[in-house]
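Comments concern the structure below.
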Amino acid sequence: MTNDNRENRKHTQRRKELVEGIRQKGIRDSAVLMAIEATPRHLFVDTALEKRAYEDTALPIGSGQTISQPYTVAAQTELLEVKKRAKILEIGTGSGYQAAILCYLGADVYSVERHDKLYQAAKQILNELGYRPTLKLGDGTLGWGAYAPYDGIVVTAGAPVVPEDLIQQLNIGGRLVVPVGSQKSQTMIRITRVSEDGYEEERLQNFKFVPLIGEKGWD
Ligand code: SAM
């Protein structure tokens, strides 16, 4: 069965309703809303969860991890202010859904995941959808120095502190979007590199993410 066959009018309608809900929760960036409307989230979860794929909620994806709530994906993407051809690093590929949204927006996407099973599954579905992000299995708390600097870095797991390597890997004008706090609740932080050694920090809403585990994250 091809992905096209697995997409039907019901999915399209549910995505429209999902986007309307996200808009009402405050997401204004029309490109981000279009990306959510165009991206078949049901293909990023197990078929047993397909019916729930367009609820605005996080869902399990195996290895004790989750695909983020669509509102959260939209909020983080909006904060990145993605331009076409922008070089974006994602920490926590998970299902690959956030990477697909970034690819849809025309970014050059780099993404790191620490679980092999998730890395393999994300690679497969992203390829099937015709996207070619550069993926790596490893510890994203160290960033990905080989391709730095980035115009945007998004961390999709909750960090105890802002990982210093990620700040270093930002382009001037680049933005780091990272949830920071305890394992129970994190504040979304956006750091913009305004000059070689100048940064501006904004503290935004609270969220609840799975933990960022690694050398510069949780044990
Ligand atoms: N962006 C994902 C998506 O669209 O499905 C969300 C995935 S989930 C909320 C967070 C992911 O971060 C998990 O898959 C987890 O394994 C991964 N993760 C946690 N710590 C990591 C690290 N140090 N490096 C890379 N990935 C990490």
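Chain labels A, B, ... are given in the sequence in which chains occur in the structure tokens; within each chain residues are numbered consecutively from 1, and ligands are likewise numbered from 1 in the order shown.
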Report as a list in words all protein, DNA and RNA residues lying within 12 Å of A:Leu59, evaluated on only C-alpha atoms, omitting residues in the same chain fewer than 2 positions from it.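 Close residues of A:Leu59: Arg41, His42, Phe44, Val45, Asp46, Ala48, Leu49, Glu50, Lys51, Arg52, Ala53, Tyr54, Glu55, Asp56, Thr57, Ile61, Gly62, Gly64, Gln65, Thr66, Ile67, Ser68, Gln69, Pro70, Gly94, Ser95, Tyr97, Phe209 and Val210 of chain A.
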Within-7 Å residues of ligand 1, basis only C-alpha atoms and all ligand atoms, as number ranges by chain: A: 65-68, 91-99, 112-115, 118, 138-141, 156-157, 209-214, 217
Who sits within 8 Å of stretch 79-87 of chain A, only C-alpha atoms, same chain under 2 positions skipped, as a list in words: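 Counting only C-alpha atoms, the residues come to Ala75, Gln76, Thr77, Leu89, Leu102, Leu105, Gly106, Ala107, Asp108, Val109, Tyr110, Tyr150, Asp151, Gly152, Ile153, Val154, Arg175, Leu176, Val177 and Arg190 of chain A.
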As a ChimeraX atom specification, which residues of stretch 23-189 of chain A does DSSP assign to strand (DSSP E)? /A:59-62,65-67,87-91,108-113,134-137,150-155,170-181,186-189
Based on the selection just made, write N, CA and C atoms of those residues as a tab-separated table (two decimals), in the first residue's frame.
chain	number	residue	atom	x	y	z
A	59	LEU	N	1.41	11.63	21.31
A	59	LEU	CA	1.06	10.20	21.23
A	59	LEU	C	2.33	9.36	21.35
A	60	PRO	N	2.24	8.14	21.89
A	60	PRO	CA	3.44	7.30	22.00
A	60	PRO	C	3.95	6.84	20.63
A	61	ILE	N	5.28	6.77	20.49
A	61	ILE	CA	5.90	6.30	19.24
A	61	ILE	C	6.88	5.15	19.49
A	62	GLY	N	6.86	4.58	20.71
A	62	GLY	CA	7.79	3.50	21.04
A	62	GLY	C	9.05	4.05	21.69
A	65	GLN	N	9.04	7.13	24.00
A	65	GLN	CA	9.04	8.51	23.50
A	65	GLN	C	7.68	8.88	22.90
A	66	THR	N	7.53	10.15	22.54
A	66	THR	CA	6.26	10.62	21.99
A	66	THR	C	6.48	11.47	20.74
A	67	ILE	N	5.45	11.51	19.90
A	67	ILE	CA	5.38	12.53	18.85
A	67	ILE	C	4.74	13.73	19.56
A	87	LYS	N	19.11	26.89	7.22
A	87	LYS	CA	19.71	25.64	7.72
A	87	LYS	C	19.22	25.44	9.16
A	88	ILE	N	18.42	24.39	9.36
A	88	ILE	CA	17.82	24.18	10.68
A	88	ILE	C	18.27	22.84	11.27
A	89	LEU	N	18.70	22.88	12.52
A	89	LEU	CA	19.06	21.67	13.26
A	89	LEU	C	17.96	21.35	14.27
A	90	GLU	N	17.48	20.10	14.21
A	90	GLU	CA	16.51	19.64	15.21
A	90	GLU	C	17.19	18.63	16.12
A	91	ILE	N	16.99	18.77	17.43
A	91	ILE	CA	17.49	17.77	18.37
A	91	ILE	C	16.29	16.97	18.85
A	108	ASP	N	16.67	23.51	4.93
A	108	ASP	CA	17.64	22.41	4.85
A	108	ASP	C	17.71	21.84	6.25
A	109	VAL	N	17.23	20.63	6.42
A	109	VAL	CA	17.01	20.11	7.77
A	109	VAL	C	18.09	19.09	8.17
A	110	TYR	N	18.60	19.28	9.38
A	110	TYR	CA	19.54	18.35	10.02
A	110	TYR	C	18.85	17.92	11.30
A	111	SER	N	18.88	16.64	11.62
A	111	SER	CA	18.17	16.21	12.81
A	111	SER	C	18.91	15.04	13.47
A	112	VAL	N	18.96	15.08	14.81
A	112	VAL	CA	19.69	14.07	15.59
A	112	VAL	C	18.73	13.35	16.52
A	113	GLU	N	18.84	12.02	16.57
A	113	GLU	CA	18.01	11.20	17.47
A	113	GLU	C	18.91	10.19	18.18
A	134	THR	N	19.06	15.56	6.55
A	134	THR	CA	20.29	14.86	6.93
A	134	THR	C	20.11	14.41	8.37
A	135	LEU	N	20.10	13.07	8.58
A	135	LEU	CA	19.78	12.53	9.90
A	135	LEU	C	21.00	11.87	10.52
A	136	LYS	N	21.02	11.90	11.85
A	136	LYS	CA	22.15	11.26	12.55
A	136	LYS	C	21.66	10.59	13.82
A	137	LEU	N	22.27	9.45	14.13
A	137	LEU	CA	22.01	8.77	15.39
A	137	LEU	C	23.09	9.22	16.36
A	150	TYR	N	24.03	27.20	12.25
A	150	TYR	CA	22.64	27.03	11.83
A	150	TYR	C	21.85	28.33	11.97
A	151	ASP	N	20.86	28.48	11.09
A	151	ASP	CA	19.96	29.65	11.19
A	151	ASP	C	18.91	29.42	12.27
A	152	GLY	N	18.70	28.16	12.60
A	152	GLY	CA	17.75	27.85	13.65
A	152	GLY	C	18.07	26.50	14.25
A	153	ILE	N	17.88	26.38	15.57
A	153	ILE	CA	18.03	25.08	16.25
A	153	ILE	C	16.80	24.89	17.12
A	154	VAL	N	16.15	23.73	16.98
A	154	VAL	CA	14.98	23.45	17.80
A	154	VAL	C	15.22	22.16	18.58
A	155	VAL	N	15.02	22.25	19.87
A	155	VAL	CA	15.18	21.08	20.75
A	155	VAL	C	13.77	20.60	21.10
A	170	LEU	N	24.99	28.55	16.66
A	170	LEU	CA	24.03	29.45	15.99
A	170	LEU	C	24.75	30.43	15.08
A	171	ASN	N	24.16	30.67	13.93
A	171	ASN	CA	24.59	31.75	13.05
A	171	ASN	C	24.25	33.10	13.70
A	172	ILE	N	24.90	34.17	13.31
A	172	ILE	CA	24.46	35.50	13.78
A	172	ILE	C	23.08	35.73	13.14
A	173	GLY	N	22.10	36.10	13.95
A	173	GLY	CA	20.71	36.21	13.49
A	173	GLY	C	19.94	34.91	13.69
A	174	GLY	N	20.65	33.85	14.06
A	174	GLY	CA	20.00	32.54	14.25
A	174	GLY	C	19.27	32.46	15.59
A	175	ARG	N	18.31	31.52	15.66
A	175	ARG	CA	17.48	31.37	16.86
A	175	ARG	C	17.54	29.95	17.39
A	176	LEU	N	17.69	29.83	18.70
A	176	LEU	CA	17.62	28.53	19.37
A	176	LEU	C	16.31	28.49	20.17
A	177	VAL	N	15.50	27.46	19.91
A	177	VAL	CA	14.23	27.31	20.63
A	177	VAL	C	14.34	26.03	21.46
A	178	VAL	N	14.29	26.19	22.78
A	178	VAL	CA	14.57	25.04	23.65
A	178	VAL	C	13.72	25.10	24.92
A	179	PRO	N	13.02	23.99	25.26
A	179	PRO	CA	12.28	23.95	26.53
A	179	PRO	C	13.24	23.59	27.67
A	180	VAL	N	13.25	24.43	28.71
A	180	VAL	CA	14.20	24.25	29.82
A	180	VAL	C	13.45	24.26	31.15
A	181	GLY	N	13.80	23.31	32.02
A	181	GLY	CA	13.18	23.29	33.34
A	181	GLY	C	13.39	21.96	34.02
A	186	GLN	N	8.59	22.57	31.66
A	186	GLN	CA	9.67	23.39	31.10
A	186	GLN	C	9.11	24.69	30.53
A	187	THR	N	9.95	25.72	30.58
A	187	THR	CA	9.61	27.01	29.96
A	187	THR	C	10.26	27.05	28.59
A	188	MET	N	9.51	27.45	27.56
A	188	MET	CA	10.11	27.56	26.23
A	188	MET	C	10.99	28.81	26.22
A	189	ILE	N	12.24	28.62	25.85
A	189	ILE	CA	13.19	29.73	25.78
A	189	ILE	C	13.61	29.92	24.33
For A:Pro40, find every residue with an atom within 12 Å (counting only C-alpha atoms), except residues of its own chain fewer than 2 positions away, and show them as JSON, numbers by chain. {"A": [3, 4, 5, 6, 7, 8, 9, 10, 11, 12, 13, 14, 15, 16, 18, 34, 35, 36, 37, 38, 42, 43, 44, 45, 50, 53, 54, 70, 96, 97, 98, 100, 101, 104, 125, 126, 128, 129]}
For the residues in the current selection, export N, CA, C and O atoms as a compact mmCIF listing (two decimals), in the first residue's frame.
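Below is the file part.txt, written as the result:
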# COMPACT_ATOMS: atom_id res chain seq x y z
N ASN A 3 1.79 5.40 0.34
CA ASN A 3 1.33 6.46 1.24
C ASN A 3 0.12 7.18 0.70
O ASN A 3 -0.75 7.58 1.43
N ASP A 4 0.07 7.34 -0.65
CA ASP A 4 -1.07 8.04 -1.26
C ASP A 4 -2.37 7.32 -0.93
O ASP A 4 -3.39 7.91 -0.65
N ASN A 5 -2.29 5.94 -0.99
CA ASN A 5 -3.49 5.16 -0.69
C ASN A 5 -3.89 5.30 0.77
O ASN A 5 -5.06 5.14 1.11
N ARG A 6 -2.89 5.56 1.61
CA ARG A 6 -3.19 5.66 3.04
C ARG A 6 -3.70 7.05 3.42
O ARG A 6 -4.00 7.31 4.55
N GLU A 7 -3.75 7.95 2.45
CA GLU A 7 -4.30 9.30 2.69
C GLU A 7 -5.71 9.31 2.13
O GLU A 7 -5.94 8.88 1.00
N ASN A 8 -6.70 9.73 2.90
CA ASN A 8 -8.04 9.82 2.33
C ASN A 8 -8.73 11.11 2.78
O ASN A 8 -8.15 11.91 3.52
N ARG A 9 -9.96 11.31 2.28
CA ARG A 9 -10.65 12.57 2.54
C ARG A 9 -10.88 12.83 4.03
O ARG A 9 -10.88 13.95 4.50
N LYS A 10 -11.05 11.73 4.77
CA LYS A 10 -11.26 11.84 6.22
C LYS A 10 -10.02 12.50 6.87
O LYS A 10 -10.15 13.38 7.70
N HIS A 11 -8.83 12.04 6.45
CA HIS A 11 -7.60 12.62 7.00
C HIS A 11 -7.51 14.10 6.66
O HIS A 11 -7.15 14.93 7.51
N THR A 12 -7.82 14.43 5.41
CA THR A 12 -7.72 15.83 4.96
C THR A 12 -8.66 16.70 5.79
O THR A 12 -8.27 17.78 6.25
N GLN A 13 -9.88 16.21 6.01
CA GLN A 13 -10.87 16.96 6.79
C GLN A 13 -10.40 17.12 8.23
O GLN A 13 -10.49 18.20 8.82
N ARG A 14 -9.87 16.04 8.80
CA ARG A 14 -9.42 16.10 10.21
C ARG A 14 -8.26 17.08 10.37
O ARG A 14 -8.15 17.76 11.38
N ARG A 15 -7.41 17.13 9.35
CA ARG A 15 -6.27 18.09 9.43
C ARG A 15 -6.77 19.53 9.40
O ARG A 15 -6.23 20.39 10.08
N LYS A 16 -7.80 19.77 8.59
CA LYS A 16 -8.37 21.14 8.54
C LYS A 16 -8.89 21.53 9.93
O LYS A 16 -8.67 22.63 10.40
N LEU A 18 -7.95 20.25 12.80
CA LEU A 18 -6.79 20.38 13.69
C LEU A 18 -6.18 21.78 13.55
O LEU A 18 -5.89 22.46 14.55
N MET A 34 -0.19 26.07 7.16
CA MET A 34 -0.27 25.32 5.89
C MET A 34 0.53 24.03 5.97
O MET A 34 0.11 22.98 5.47
N ALA A 35 1.69 24.10 6.61
CA ALA A 35 2.54 22.91 6.74
C ALA A 35 1.83 21.83 7.56
O ALA A 35 1.87 20.64 7.23
N ILE A 36 1.15 22.25 8.64
CA ILE A 36 0.42 21.28 9.48
C ILE A 36 -0.73 20.68 8.66
O ILE A 36 -1.01 19.48 8.70
N GLU A 37 -1.39 21.53 7.88
CA GLU A 37 -2.53 21.06 7.09
C GLU A 37 -2.08 20.07 6.00
O GLU A 37 -2.82 19.18 5.62
N ALA A 38 -0.85 20.24 5.52
CA ALA A 38 -0.37 19.41 4.40
C ALA A 38 0.31 18.12 4.85
O ALA A 38 0.50 17.22 4.04
N HIS A 42 -0.78 11.03 10.45
CA HIS A 42 -1.15 9.63 10.73
C HIS A 42 -0.08 8.65 10.25
O HIS A 42 -0.03 7.52 10.71
N LEU A 43 0.79 9.09 9.32
CA LEU A 43 1.85 8.19 8.83
C LEU A 43 3.06 8.16 9.77
O LEU A 43 3.95 7.34 9.60
N PHE A 44 3.07 9.04 10.79
CA PHE A 44 4.20 9.11 11.73
C PHE A 44 3.90 8.37 13.04
O PHE A 44 4.72 8.39 13.95
N VAL A 45 2.68 7.79 13.12
CA VAL A 45 2.34 7.00 14.32
C VAL A 45 1.97 5.59 13.90
O VAL A 45 1.70 5.32 12.73
N GLU A 50 -3.77 5.50 14.44
CA GLU A 50 -4.11 6.35 13.30
C GLU A 50 -5.36 7.22 13.57
O GLU A 50 -5.39 8.40 13.23
N ALA A 53 -4.53 10.38 15.36
CA ALA A 53 -3.40 11.16 14.82
C ALA A 53 -3.72 12.65 14.69
O ALA A 53 -2.81 13.47 14.75
N TYR A 54 -5.00 13.01 14.52
CA TYR A 54 -5.33 14.43 14.34
C TYR A 54 -5.98 15.05 15.57
O TYR A 54 -6.56 16.13 15.49
N PRO A 70 0.59 18.55 18.20
CA PRO A 70 0.67 19.44 17.02
C PRO A 70 0.78 20.93 17.39
O PRO A 70 1.54 21.67 16.76
N GLY A 96 9.88 11.92 13.30
CA GLY A 96 10.21 12.59 12.03
C GLY A 96 9.19 13.64 11.63
O GLY A 96 9.36 14.35 10.63
N TYR A 97 8.11 13.78 12.43
CA TYR A 97 7.02 14.71 12.05
C TYR A 97 7.49 16.16 12.01
O TYR A 97 7.25 16.89 11.05
N GLN A 98 8.19 16.60 13.07
CA GLN A 98 8.68 17.99 13.10
C GLN A 98 9.65 18.23 11.93
O GLN A 98 9.63 19.29 11.30
N ALA A 100 9.55 16.79 9.05
CA ALA A 100 8.74 16.89 7.83
C ALA A 100 8.15 18.30 7.69
O ALA A 100 8.12 18.87 6.59
N ILE A 101 7.70 18.86 8.81
CA ILE A 101 7.13 20.22 8.79
C ILE A 101 8.21 21.21 8.34
O ILE A 101 7.97 22.09 7.51
N TYR A 104 8.86 20.78 4.66
CA TYR A 104 7.75 21.37 3.89
C TYR A 104 7.95 22.88 3.75
O TYR A 104 7.65 23.47 2.71
N ILE A 125 10.11 6.90 6.75
CA ILE A 125 8.88 7.61 6.38
C ILE A 125 9.21 8.94 5.69
O ILE A 125 8.53 9.34 4.74
N LEU A 126 10.26 9.61 6.15
CA LEU A 126 10.63 10.88 5.51
C LEU A 126 11.05 10.64 4.06
O LEU A 126 10.65 11.39 3.15
N GLU A 128 10.01 8.13 2.19
CA GLU A 128 8.78 7.77 1.45
C GLU A 128 7.99 9.01 1.05
O GLU A 128 7.35 9.04 0.02
N LEU A 129 8.05 10.03 1.89
CA LEU A 129 7.32 11.27 1.59
C LEU A 129 8.12 12.18 0.64
O LEU A 129 7.66 13.27 0.29
The residue from A:Val32, A:Val194, A:Ile27, A:Leu166 with the smallest atom-to-atom distance to A:Trp144, counting only C-alpha atoms, is A:Leu166
Report the distance between atom CA of A:Leu142 and atom CA of A:Tyr71 in Å, rounded to one decimal place. 26.7 Å
For the atom pair atom CA of A:Glu196 and atom CA of A:Gln169, what is the interatomic distance in Å to one decimal place? 11.3 Å
